[in-house]
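Listing of my_file_5.cif; format and content: mmCIF, C-alpha atoms.
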```cif
data_start
loop_
_atom_site.label_atom_id
_atom_site.label_comp_id
_atom_site.auth_asym_id
_atom_site.auth_seq_id
_atom_site.Cartn_x
_atom_site.Cartn_y
_atom_site.Cartn_z
CA MET A 105 150.31 100.12 142.19
CA SER A 106 147.28 102.03 143.35
CA SER A 107 144.18 100.04 144.11
CA ASP A 108 142.08 102.85 142.67
CA PRO A 109 141.81 102.64 138.86
CA SER A 110 140.90 106.33 138.72
CA ALA A 111 144.10 107.26 140.52
CA ASP A 112 146.13 105.14 138.08
CA ALA A 113 144.39 106.81 135.13
CA LEU A 114 145.07 110.27 136.55
CA LYS A 115 148.75 109.42 136.97
CA THR A 116 148.85 108.26 133.34
CA LEU A 117 147.29 111.53 132.17
CA SER A 118 149.85 113.64 134.03
CA PRO A 119 151.34 116.24 131.64
CA SER A 120 154.82 115.35 132.91
CA LYS A 121 154.45 111.99 131.16
CA ILE A 122 155.21 113.58 127.79
CA ILE A 123 158.86 114.18 128.67
CA LEU A 124 160.13 110.59 128.43
CA PRO A 125 158.64 109.65 125.02
CA ILE A 126 159.84 112.93 123.50
CA LEU A 127 163.37 112.43 124.84
CA LEU A 128 163.50 108.81 123.65
CA GLY A 129 162.14 109.49 120.18
CA LEU A 130 164.10 112.67 119.51
CA GLY A 131 167.24 111.17 121.02
CA VAL A 132 167.21 108.29 118.52
CA VAL A 133 166.43 110.61 115.59
CA ILE A 134 169.18 113.10 116.50
CA TYR A 135 171.69 110.26 116.87
CA MET A 136 170.71 108.85 113.46
CA VAL A 137 170.88 112.22 111.72
CA PHE A 138 174.30 113.20 113.08
CA LYS A 139 175.73 109.70 112.72
CA ASP A 140 174.98 109.68 108.99
CA TYR A 141 174.88 113.42 108.34
CA ASP A 142 175.34 114.44 104.74
CA ALA A 143 174.92 118.12 103.92
CA THR A 144 174.28 117.28 100.27
CA THR A 145 171.27 115.13 101.17
CA PHE A 146 169.49 117.87 103.08
CA SER A 147 170.42 120.67 100.69
CA SER A 148 168.92 118.63 97.84
CA ILE A 149 165.46 118.50 99.47
CA ASN A 150 163.09 120.54 97.36
CA TRP A 151 160.54 122.29 99.58
CA GLY A 152 158.33 122.98 96.61
CA PHE A 153 154.64 122.56 95.92
CA ASN A 154 154.66 118.75 95.71
CA THR A 155 156.49 118.33 99.02
CA LEU A 156 154.12 120.64 100.87
CA LEU A 157 151.11 119.08 99.11
CA TRP A 158 151.90 115.52 100.19
CA LEU A 159 152.77 116.60 103.73
CA GLY A 160 149.43 118.42 103.82
CA VAL A 161 147.68 115.23 102.66
CA ALA A 162 149.45 113.28 105.43
CA ALA A 163 148.25 115.80 108.04
CA LEU A 164 144.74 115.68 106.57
CA LEU A 165 144.69 111.88 106.87
CA MET A 166 145.56 112.13 110.57
CA ASN A 167 142.65 114.53 111.04
CA LEU A 168 140.32 112.19 109.16
CA ARG A 169 141.50 109.33 111.35
CA HIS A 170 140.77 111.37 114.45
CA PHE A 171 137.29 112.13 113.15
CA ALA A 172 136.72 108.41 112.47
CA LEU A 173 137.80 107.61 116.03
CA MET A 174 135.31 110.19 117.28
CA TYR A 175 132.55 108.72 115.11
CA ARG A 176 133.28 105.19 116.35
CA ILE A 177 133.22 106.06 120.04
CA ARG A 178 130.11 108.19 119.59
CA ARG A 179 128.31 105.46 117.64
CA LEU A 180 129.32 102.69 120.05
CA THR A 181 128.00 104.75 122.97
CA ASP A 182 124.67 104.99 121.11
CA ASN A 183 125.29 108.71 120.56
CA GLN A 184 125.32 109.44 124.28
CA LEU A 185 128.49 111.46 123.73
CA SER A 186 128.31 114.76 121.87
CA TRP A 187 130.85 115.47 119.15
CA TRP A 188 132.74 117.73 121.55
CA GLN A 189 132.80 115.06 124.26
CA SER A 190 133.96 112.53 121.65
CA PHE A 191 136.79 114.86 120.65
CA ASP A 192 137.97 115.18 124.25
CA VAL A 193 137.71 111.44 124.96
CA ILE A 194 139.60 110.39 121.82
CA THR A 195 142.30 113.04 122.21
CA LEU A 196 142.98 112.02 125.81
CA TRP A 197 142.67 108.31 125.00
CA GLU A 198 145.34 108.70 122.31
CA PHE A 199 147.39 110.81 124.71
CA GLY A 200 147.16 108.05 127.32
CA SER A 201 148.28 105.47 124.76
CA ALA A 202 151.17 107.69 123.68
CA VAL A 203 152.60 108.10 127.19
CA THR A 204 152.28 104.48 128.33
CA PRO A 205 154.10 101.35 127.13
CA SER A 206 152.36 99.72 124.19
CA THR A 207 151.76 96.57 126.22
CA VAL A 208 149.74 98.66 128.68
CA GLY A 209 147.94 100.96 126.25
CA GLY A 210 145.25 103.45 127.11
CA THR A 211 142.43 101.09 128.15
CA ALA A 212 142.52 102.15 131.81
CA VAL A 213 142.45 105.76 130.66
CA ALA A 214 139.52 105.02 128.33
CA LEU A 215 137.58 103.40 131.17
CA PHE A 216 138.19 106.46 133.35
CA LEU A 217 137.25 108.93 130.61
CA LEU A 218 134.01 107.23 129.57
CA THR A 219 132.76 106.73 133.11
CA ARG A 220 133.50 110.39 133.87
CA GLU A 221 131.42 111.26 130.80
CA LYS A 222 128.48 109.49 132.51
CA ILE A 223 128.57 106.32 130.39
CA GLN A 224 127.41 103.38 132.50
CA ALA A 225 130.19 101.09 133.71
CA GLY A 226 128.80 97.98 132.02
CA GLN A 227 128.43 99.75 128.68
CA THR A 228 131.90 101.27 129.01
CA ILE A 229 133.49 97.86 129.57
CA SER A 230 131.59 96.46 126.58
CA ILE A 231 132.70 99.30 124.31
CA ILE A 232 136.37 99.06 125.26
CA LEU A 233 136.54 95.27 124.83
CA PHE A 234 134.66 95.49 121.53
CA ILE A 235 137.10 98.13 120.23
CA VAL A 236 140.08 96.02 121.33
CA PHE A 237 138.56 93.02 119.51
CA LEU A 238 137.93 95.00 116.31
CA ASP A 239 141.42 96.54 116.25
CA THR A 240 143.15 93.21 116.90
CA PHE A 241 140.99 91.40 114.34
CA PHE A 242 141.96 93.99 111.70
CA PHE A 243 145.62 93.09 112.17
CA MET A 244 145.10 89.36 112.36
CA LEU A 245 143.21 89.41 109.05
CA SER A 246 145.23 92.07 107.20
CA ILE A 247 148.68 90.62 107.81
CA PRO A 248 148.09 87.15 106.26
CA LEU A 249 146.11 88.67 103.37
CA LEU A 250 148.95 91.06 102.54
CA TRP A 251 151.46 88.24 102.98
CA LEU A 252 149.63 86.18 100.37
CA PHE A 253 149.58 89.17 98.01
CA ILE A 254 153.14 90.44 98.55
CA GLY A 255 155.13 87.53 99.92
CA SER A 256 158.20 87.60 102.13
CA ASN A 257 159.14 91.10 100.94
CA MET A 258 156.43 92.32 103.30
CA LEU A 259 158.56 91.39 106.32
CA TRP A 260 161.97 92.67 105.35
CA PRO A 261 163.57 94.46 102.39
CA GLU A 262 165.30 91.86 100.25
CA ALA A 263 168.07 94.36 99.43
CA ILE A 264 168.89 94.95 103.12
CA SER A 265 170.98 92.37 104.93
CA GLY A 266 170.04 90.97 108.33
CA GLY A 267 166.64 91.07 109.91
CA ALA A 268 166.37 87.54 111.33
CA PHE A 269 165.97 88.87 114.86
CA ILE A 270 163.30 91.36 113.79
CA ARG A 271 161.43 88.61 111.96
CA SER A 272 161.50 86.47 115.11
CA LEU A 273 160.13 89.36 117.19
CA PHE A 274 157.39 89.94 114.65
CA VAL A 275 156.33 86.29 114.59
CA GLY A 276 156.30 86.20 118.38
CA GLY A 277 154.26 89.41 118.54
CA TYR A 278 151.81 88.16 115.94
CA LEU A 279 151.26 84.86 117.77
CA PHE A 280 150.69 86.76 121.00
CA MET A 281 148.11 89.02 119.32
CA PHE A 282 146.43 85.99 117.76
CA SER A 283 146.17 84.26 121.14
CA TYR A 284 144.83 87.49 122.63
CA LEU A 285 142.21 87.73 119.88
CA LEU A 286 141.08 84.13 120.43
CA ALA A 287 140.74 84.74 124.17
CA ILE A 288 138.68 87.92 123.72
CA GLY A 289 136.54 86.35 120.98
CA TYR A 290 135.84 83.29 123.12
CA GLY A 291 134.92 85.43 126.10
CA LEU A 292 132.76 87.95 124.24
CA PHE A 293 130.90 85.75 121.78
CA ILE A 294 131.12 82.08 122.78
CA ASN A 295 131.35 81.40 126.50
CA PRO A 296 131.97 84.37 128.83
CA ASN A 297 131.38 82.32 131.97
CA GLY A 298 133.78 79.67 130.71
CA PHE A 299 136.37 82.39 130.05
CA LYS A 300 135.93 83.66 133.59
CA TRP A 301 136.31 80.16 135.03
CA LEU A 302 139.47 79.51 133.01
CA ILE A 303 141.36 82.65 133.98
CA VAL A 304 140.33 82.38 137.64
CA LYS A 305 141.54 78.76 137.76
CA PHE A 306 144.74 79.68 135.93
CA CYS A 307 145.51 82.41 138.46
CA GLN A 308 145.11 79.95 141.31
CA LEU A 309 148.31 78.23 140.17
CA PRO A 310 151.56 78.94 142.02
CA PHE A 311 153.33 82.13 140.91
CA PHE A 312 150.16 83.37 139.14
CA ASN A 313 148.03 83.56 142.30
CA ARG A 314 149.14 87.15 142.90
CA TRP A 315 146.75 88.12 140.09
CA GLN A 316 143.67 86.32 141.41
CA ASP A 317 141.76 89.52 142.15
CA SER A 318 142.54 90.98 138.74
CA ALA A 319 141.53 87.73 137.04
CA LEU A 320 138.18 87.73 138.85
CA GLN A 321 137.55 91.36 137.86
CA THR A 322 138.50 90.63 134.23
CA GLY A 323 136.16 87.65 134.17
CA ASN A 324 133.29 89.70 135.57
CA ASP A 325 133.99 92.46 133.03
CA MET A 326 133.90 89.92 130.20
CA VAL A 327 130.53 88.54 131.33
CA ILE A 328 129.08 92.07 131.51
CA ALA A 329 130.50 93.02 128.10
CA ALA A 330 129.18 89.85 126.45
CA GLY A 331 125.71 90.55 127.81
CA GLU A 332 125.81 94.12 126.49
CA LEU A 333 126.90 93.07 123.00
CA LYS A 334 124.06 90.57 122.70
CA THR A 335 121.61 93.46 122.75
CA LYS A 336 123.22 95.19 119.74
CA GLY A 337 121.95 94.94 116.16
CA TRP A 338 123.81 94.60 112.86
CA ASP A 339 124.02 98.38 112.41
CA TYR A 340 126.17 98.53 115.55
CA TRP A 341 128.56 95.95 114.10
CA ILE A 342 128.66 97.56 110.67
CA ALA A 343 129.48 100.97 112.16
CA GLY A 344 132.22 99.46 114.31
CA ILE A 345 133.82 97.43 111.52
CA THR A 346 133.77 100.11 108.81
CA SER A 347 135.10 102.83 111.10
CA THR A 348 137.86 100.50 112.36
CA VAL A 349 139.05 99.74 108.83
CA PHE A 350 139.03 103.45 107.95
CA ILE A 351 140.90 104.34 111.15
CA TRP A 352 143.79 101.98 110.46
CA VAL A 353 144.01 102.53 106.70
CA THR A 354 144.25 106.30 107.13
CA ARG A 355 146.83 105.91 109.88
CA PHE A 356 149.12 103.78 107.75
CA LEU A 357 148.70 105.89 104.61
CA VAL A 358 150.20 108.84 106.49
CA LEU A 359 153.71 107.39 106.11
CA ASN A 360 153.11 106.69 102.42
CA PHE A 361 152.48 110.37 101.77
CA VAL A 362 155.28 111.58 104.05
CA ILE A 363 157.81 109.52 102.08
CA LEU A 364 156.16 110.56 98.81
CA ALA A 365 156.81 114.17 99.79
CA PHE A 366 160.57 113.57 99.57
CA LEU A 367 161.02 110.51 97.33
CA ALA A 368 159.36 108.63 94.50
CA VAL A 369 157.53 105.62 95.99
CA SER A 370 157.74 102.53 93.81
CA ASP A 371 155.33 100.28 95.72
CA HIS A 372 152.75 101.80 98.04
CA ILE A 373 151.30 98.42 99.04
CA VAL A 374 154.65 97.14 100.32
CA LEU A 375 155.18 100.40 102.20
CA PHE A 376 151.70 100.11 103.69
CA SER A 377 152.09 96.46 104.68
CA ARG A 378 155.40 96.93 106.48
CA GLN A 379 153.74 99.41 108.79
CA LEU A 380 151.60 96.55 110.12
CA VAL A 381 154.85 94.74 110.87
CA LEU A 382 156.25 97.83 112.60
CA TYR A 383 153.09 98.22 114.68
CA VAL A 384 153.33 94.62 115.92
CA LEU A 385 156.95 95.26 116.90
CA MET A 386 155.90 98.42 118.76
CA LEU A 387 153.63 96.33 120.99
CA LEU A 388 156.65 94.58 122.49
CA PRO A 389 158.86 97.29 124.07
CA ILE A 390 158.35 98.88 127.46
CA THR A 391 158.90 102.41 126.13
CA PRO A 392 155.90 104.80 125.95
CA GLY A 393 154.11 104.46 122.63
CA GLY A 394 157.01 102.46 121.20
CA SER A 395 159.06 105.66 121.27
CA GLY A 396 162.67 105.02 120.33
CA LEU A 397 161.98 101.64 118.75
CA ALA A 398 159.88 103.03 115.89
CA GLU A 399 162.61 105.55 115.06
CA GLY A 400 165.42 102.98 115.45
CA VAL A 401 163.91 100.17 113.36
CA PHE A 402 162.62 102.46 110.61
CA PRO A 403 165.81 102.67 108.47
CA GLN A 404 166.08 98.88 108.41
CA LEU A 405 162.44 98.03 107.82
CA PHE A 406 161.94 100.72 105.18
CA GLY A 407 165.56 100.96 104.03
CA ASP A 408 164.93 99.89 100.42
CA PHE A 409 162.90 103.08 99.89
CA PHE A 410 166.04 105.12 100.74
CA ILE A 411 168.66 103.30 98.69
CA THR A 412 171.25 105.53 97.05
CA ALA A 413 170.69 104.62 93.42
CA SER A 414 174.02 105.83 92.04
CA ASN A 415 175.98 103.87 94.59
CA ALA A 416 174.01 100.70 93.90
CA ALA A 417 174.57 101.08 90.16
CA ASP A 418 178.27 101.93 90.32
CA THR A 419 179.51 99.53 92.96
CA GLY A 420 176.82 96.91 93.12
CA LYS A 421 176.52 97.56 96.85
CA VAL A 422 173.34 98.76 98.47
CA THR A 423 173.64 101.89 100.62
CA VAL A 424 170.73 103.26 102.60
CA ASN A 425 170.55 107.04 102.94
CA LYS A 426 170.10 106.86 106.71
CA GLY A 427 170.31 110.61 107.17
CA LEU A 428 167.29 111.19 104.95
CA ALA A 429 165.51 108.21 106.53
CA ALA A 430 166.02 109.74 109.99
CA PHE A 431 164.65 113.07 108.81
CA VAL A 432 161.60 111.41 107.24
CA VAL A 433 160.85 109.33 110.35
CA PHE A 434 161.00 112.52 112.42
CA ILE A 435 158.42 114.22 110.17
CA TRP A 436 156.24 111.10 110.24
CA ARG A 437 156.34 110.79 114.03
CA LEU A 438 155.78 114.53 114.38
CA ILE A 439 152.49 114.20 112.49
CA SER A 440 151.30 110.84 113.79
CA TYR A 441 152.67 110.68 117.36
CA TYR A 442 154.11 113.87 118.83
CA ALA A 443 151.02 115.81 117.75
CA TYR A 444 148.95 113.75 120.23
CA LEU A 445 151.38 114.58 123.03
CA VAL A 446 150.93 118.28 122.30
CA PHE A 447 147.15 118.24 121.85
CA GLY A 448 146.68 116.00 124.87
CA PHE A 449 148.69 118.46 126.93
CA ILE A 450 146.37 121.27 125.74
CA VAL A 451 143.03 119.41 126.02
CA LEU A 452 143.67 117.79 129.41
CA PRO A 453 143.23 120.90 131.65
CA MET A 454 140.15 122.01 129.67
CA TRP A 455 138.60 118.56 130.08
CA PHE A 456 139.32 118.59 133.82
CA ARG A 457 137.68 121.99 134.18
CA ARG A 458 134.58 120.75 132.33
CA ILE A 459 134.29 117.46 134.25
CA PHE A 460 135.15 118.75 137.70
CA ARG A 461 133.81 122.32 137.45
CA LYS A 462 131.29 121.69 140.24
CA LYS A 463 134.11 120.74 142.58
#
```
Could I get this structure in the form of structure tokens?
Amino acid sequence: MSSDPSADALKTLSPSKIILPILLGLGVVIYMVFKDYDATTFSSINWGFNTLLWLGVAALLMNLRHFALMYRIRRLTDNQLSWWQSFDVITLWEFGSAVTPSTVGGTAVALFLLTREKIQAGQTISIILFIVFLDTFFFMLSIPLLWLFIGSNMLWPEAISGGAFIRSLFVGGYLFMFSYLLAIGYGLFINPNGFKWLIVKFCQLPFFNRWQDSALQTGNDMVIAAGELKTKGWDYWIAGITSTVFIWVTRFLVLNFVILAFLAVSDHIVLFSRQLVLYVLMLLPITPGGSGLAEGVFPQLFGDFFITASNAADTGKVTVNKGLAAFVVFIWRLISYYAYLVFGFIVLPMWFRRIFRKK
């Protein structure tokens, strides 16, 4: 690994990075479609006004989410970024997240982008850690609240057999995120120096001592970020919290409207809540942006929305229309994921020309 964070960020932003996630995602979708291909299913799709309307709403929600991301980064930088700069930063940040494994994310890219936009290093570190805290807190709070409201049906369709392994992965992912949230919260708001001491001491243990330098840098970053956040007023917090909620709600509602374009949706809240489960699962794989896993798990996690009603009534057996599910997941990922690969590919050279034009 390069010792230069900028070099690592530049490698992440390489346009060639889009090839692997596209191949993984499309490969799974194509396999699912042809494995369960049914000409009747696709010929019955009505590309009428309602279908196009709900797909248009889904696309609009993604644009609103992008605008909310721009507003959040602009507000958290105290309006030092223009709207155009915010557009570039968010587009490339999302691009970086889409082409890296979910466990890595786009934080290194975000650090590179903001510092190149002349945001001071200390403020940049504070902003990134604050955003990570807000996003993680949204999940940690939303999941138990929806669980209390919906119950176990949130985790797995009762009509679909299996799922014990997926449930175990979800619980493990949730506990990891919860531990991560506690660590960030302790470091940012309670005892940053204590956080630094703990991780430095931990990385002095055998096997972990290879990460001593990284632990020291992380501890220093946490101390800087905590100091920056102490200077912020309530308006800073309110802007961050409200925009974060809007960002995630609009993102998850996209799938609701994509499915609504092709099928009648009986319970939008259940559909919404299972996307939180899917997102936690997507944090676990090593594939870029969870590509492949999102498409593969989709028919199981959302299978009860694609049950063939006549078959269930006639035979008493539940059959999931996997061909239609594969087609729907392709449309959903096209709007919510592949679009960022395309726009990132377009914006990246223009951003480089603007940033490095003097060179």
I'd like to know which of A:Gly255, A:Gly337, A:Gly396, A:Gly323 is closest to Ile288 of chain A, using only C-alpha atoms. A:Gly323
Pull out every residue that the PyMOL selection byres ((chain A and resi 241) around 10) matches in the shown coordinates and put them as a list in words. Ile235, Val236, Phe237, Leu238, Asp239, Thr240, Phe242, Phe243, Met244, Leu245, Ser246, Met281, Phe282, Tyr284, Leu285, Leu286, Gly289, Ile345 and Thr348 of chain A
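Taking atom CA of Leu159 of chain A as the reference point, atom CA of Pro403 of chain A is found at 19.7 Å.
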Evaluate the PyMOL selection byres ((chain A and resi 440) around 9) here and jot the selected residues down as a PDB file with C-alpha atoms, in the coordinates of the input.
```
ATOM      1  CA  ALA A 162     149.450 113.280 105.430  1.00  0.00           C
ATOM      2  CA  ALA A 163     148.250 115.800 108.040  1.00  0.00           C
ATOM      3  CA  MET A 166     145.560 112.130 110.570  1.00  0.00           C
ATOM      4  CA  ARG A 355     146.830 105.910 109.880  1.00  0.00           C
ATOM      5  CA  VAL A 358     150.200 108.840 106.490  1.00  0.00           C
ATOM      6  CA  LEU A 359     153.710 107.390 106.110  1.00  0.00           C
ATOM      7  CA  ILE A 435     158.420 114.220 110.170  1.00  0.00           C
ATOM      8  CA  TRP A 436     156.240 111.100 110.240  1.00  0.00           C
ATOM      9  CA  ARG A 437     156.340 110.790 114.030  1.00  0.00           C
ATOM     10  CA  LEU A 438     155.780 114.530 114.380  1.00  0.00           C
ATOM     11  CA  ILE A 439     152.490 114.200 112.490  1.00  0.00           C
ATOM     12  CA  TYR A 441     152.670 110.680 117.360  1.00  0.00           C
ATOM     13  CA  TYR A 442     154.110 113.870 118.830  1.00  0.00           C
ATOM     14  CA  ALA A 443     151.020 115.810 117.750  1.00  0.00           C
ATOM     15  CA  TYR A 444     148.950 113.750 120.230  1.00  0.00           C
TER      16      TYR A 444
END
```
Could you please determine the separation between atom CA of Met326 of chain A and atom CA of Leu292 of chain A in Å, to one decimal place? 6.4 Å
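Minimum atom-to-atom distances from A:Ile450, A:Val401, A:Val327, A:Ile223 to Ile294 of chain A were compared using only C-alpha atoms, and the lowest value belongs to A:Val327.
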Would you mind listing what lies within 9 Å of Thr211 of chain A as JSON, numbers by chain, with all atoms listed in the file counted and same-chain residues fewer than 4 positions away left out? {"A": [197, 200, 201, 215, 216, 232, 233, 236]}
From atom CA of Phe274 of chain A to atom CA of Leu388 of chain A the spacing works out at 9.1 Å
Which of these, A:Leu157, A:Ala429, A:Val384, A:Leu397, has the shortest distance to Phe280 of chain A once you count only C-alpha atoms? A:Val384
Determine the residue membership of the PyMOL selection byres ((chain A and resi 178) around 12) for the file above and supply it as a PyMOL selection string. chain A and resi 171-177+179-194+218+221+223+228+231+340+343-344+347
Show which residues sit within 10 Å of segment 313-320 of chain A, as an MDAnalysis selection string. Count only C-alpha atoms, and ignore same-chain residues fewer than 6 positions away. chainID A and resid 300:307 326
Restricting the output to C-alpha atoms, write the selected residues as a short mmCIF file (atom, residue, chain, number, x, y, z; two decimals), in the frame of the given file.
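Below is the file that was written, selection_5.cif:
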```cif
data_model
loop_
_atom_site.label_atom_id
_atom_site.label_comp_id
_atom_site.auth_asym_id
_atom_site.auth_seq_id
_atom_site.Cartn_x
_atom_site.Cartn_y
_atom_site.Cartn_z
CA LYS A 300 135.93 83.66 133.59
CA TRP A 301 136.31 80.16 135.03
CA LEU A 302 139.47 79.51 133.01
CA ILE A 303 141.36 82.65 133.98
CA VAL A 304 140.33 82.38 137.64
CA LYS A 305 141.54 78.76 137.76
CA PHE A 306 144.74 79.68 135.93
CA CYS A 307 145.51 82.41 138.46
CA MET A 326 133.90 89.92 130.20
#
```
Counting all atoms listed in the file, the residue of A:Ile411, A:Ala287, A:Leu168, A:Val353 that sits nearest Phe376 of chain A: A:Val353
Taking all atoms listed in the file into account, which of A:Val381, A:Ala365, A:Val433, A:Ala329 comes nearest Val275 of chain A? A:Val381
Using only C-alpha atoms, the residue out of A:Phe293, A:Ile229, A:Gly131, A:Leu405 with shortest distance to Lys334 of chain A is A:Phe293
To test the calculation: enclose all listed atoms of segment 215-221 of chain A in a box whose edges run along x, y and z, add 4 Å on each side, then state centre and edge lengths in Å to one decimal, as AutoDock Vina command-line options.
```
--center_x 134.8 --center_y 107.3 --center_z 131.7 --size_x 14.8 --size_y 15.9 --size_z 12.3
```
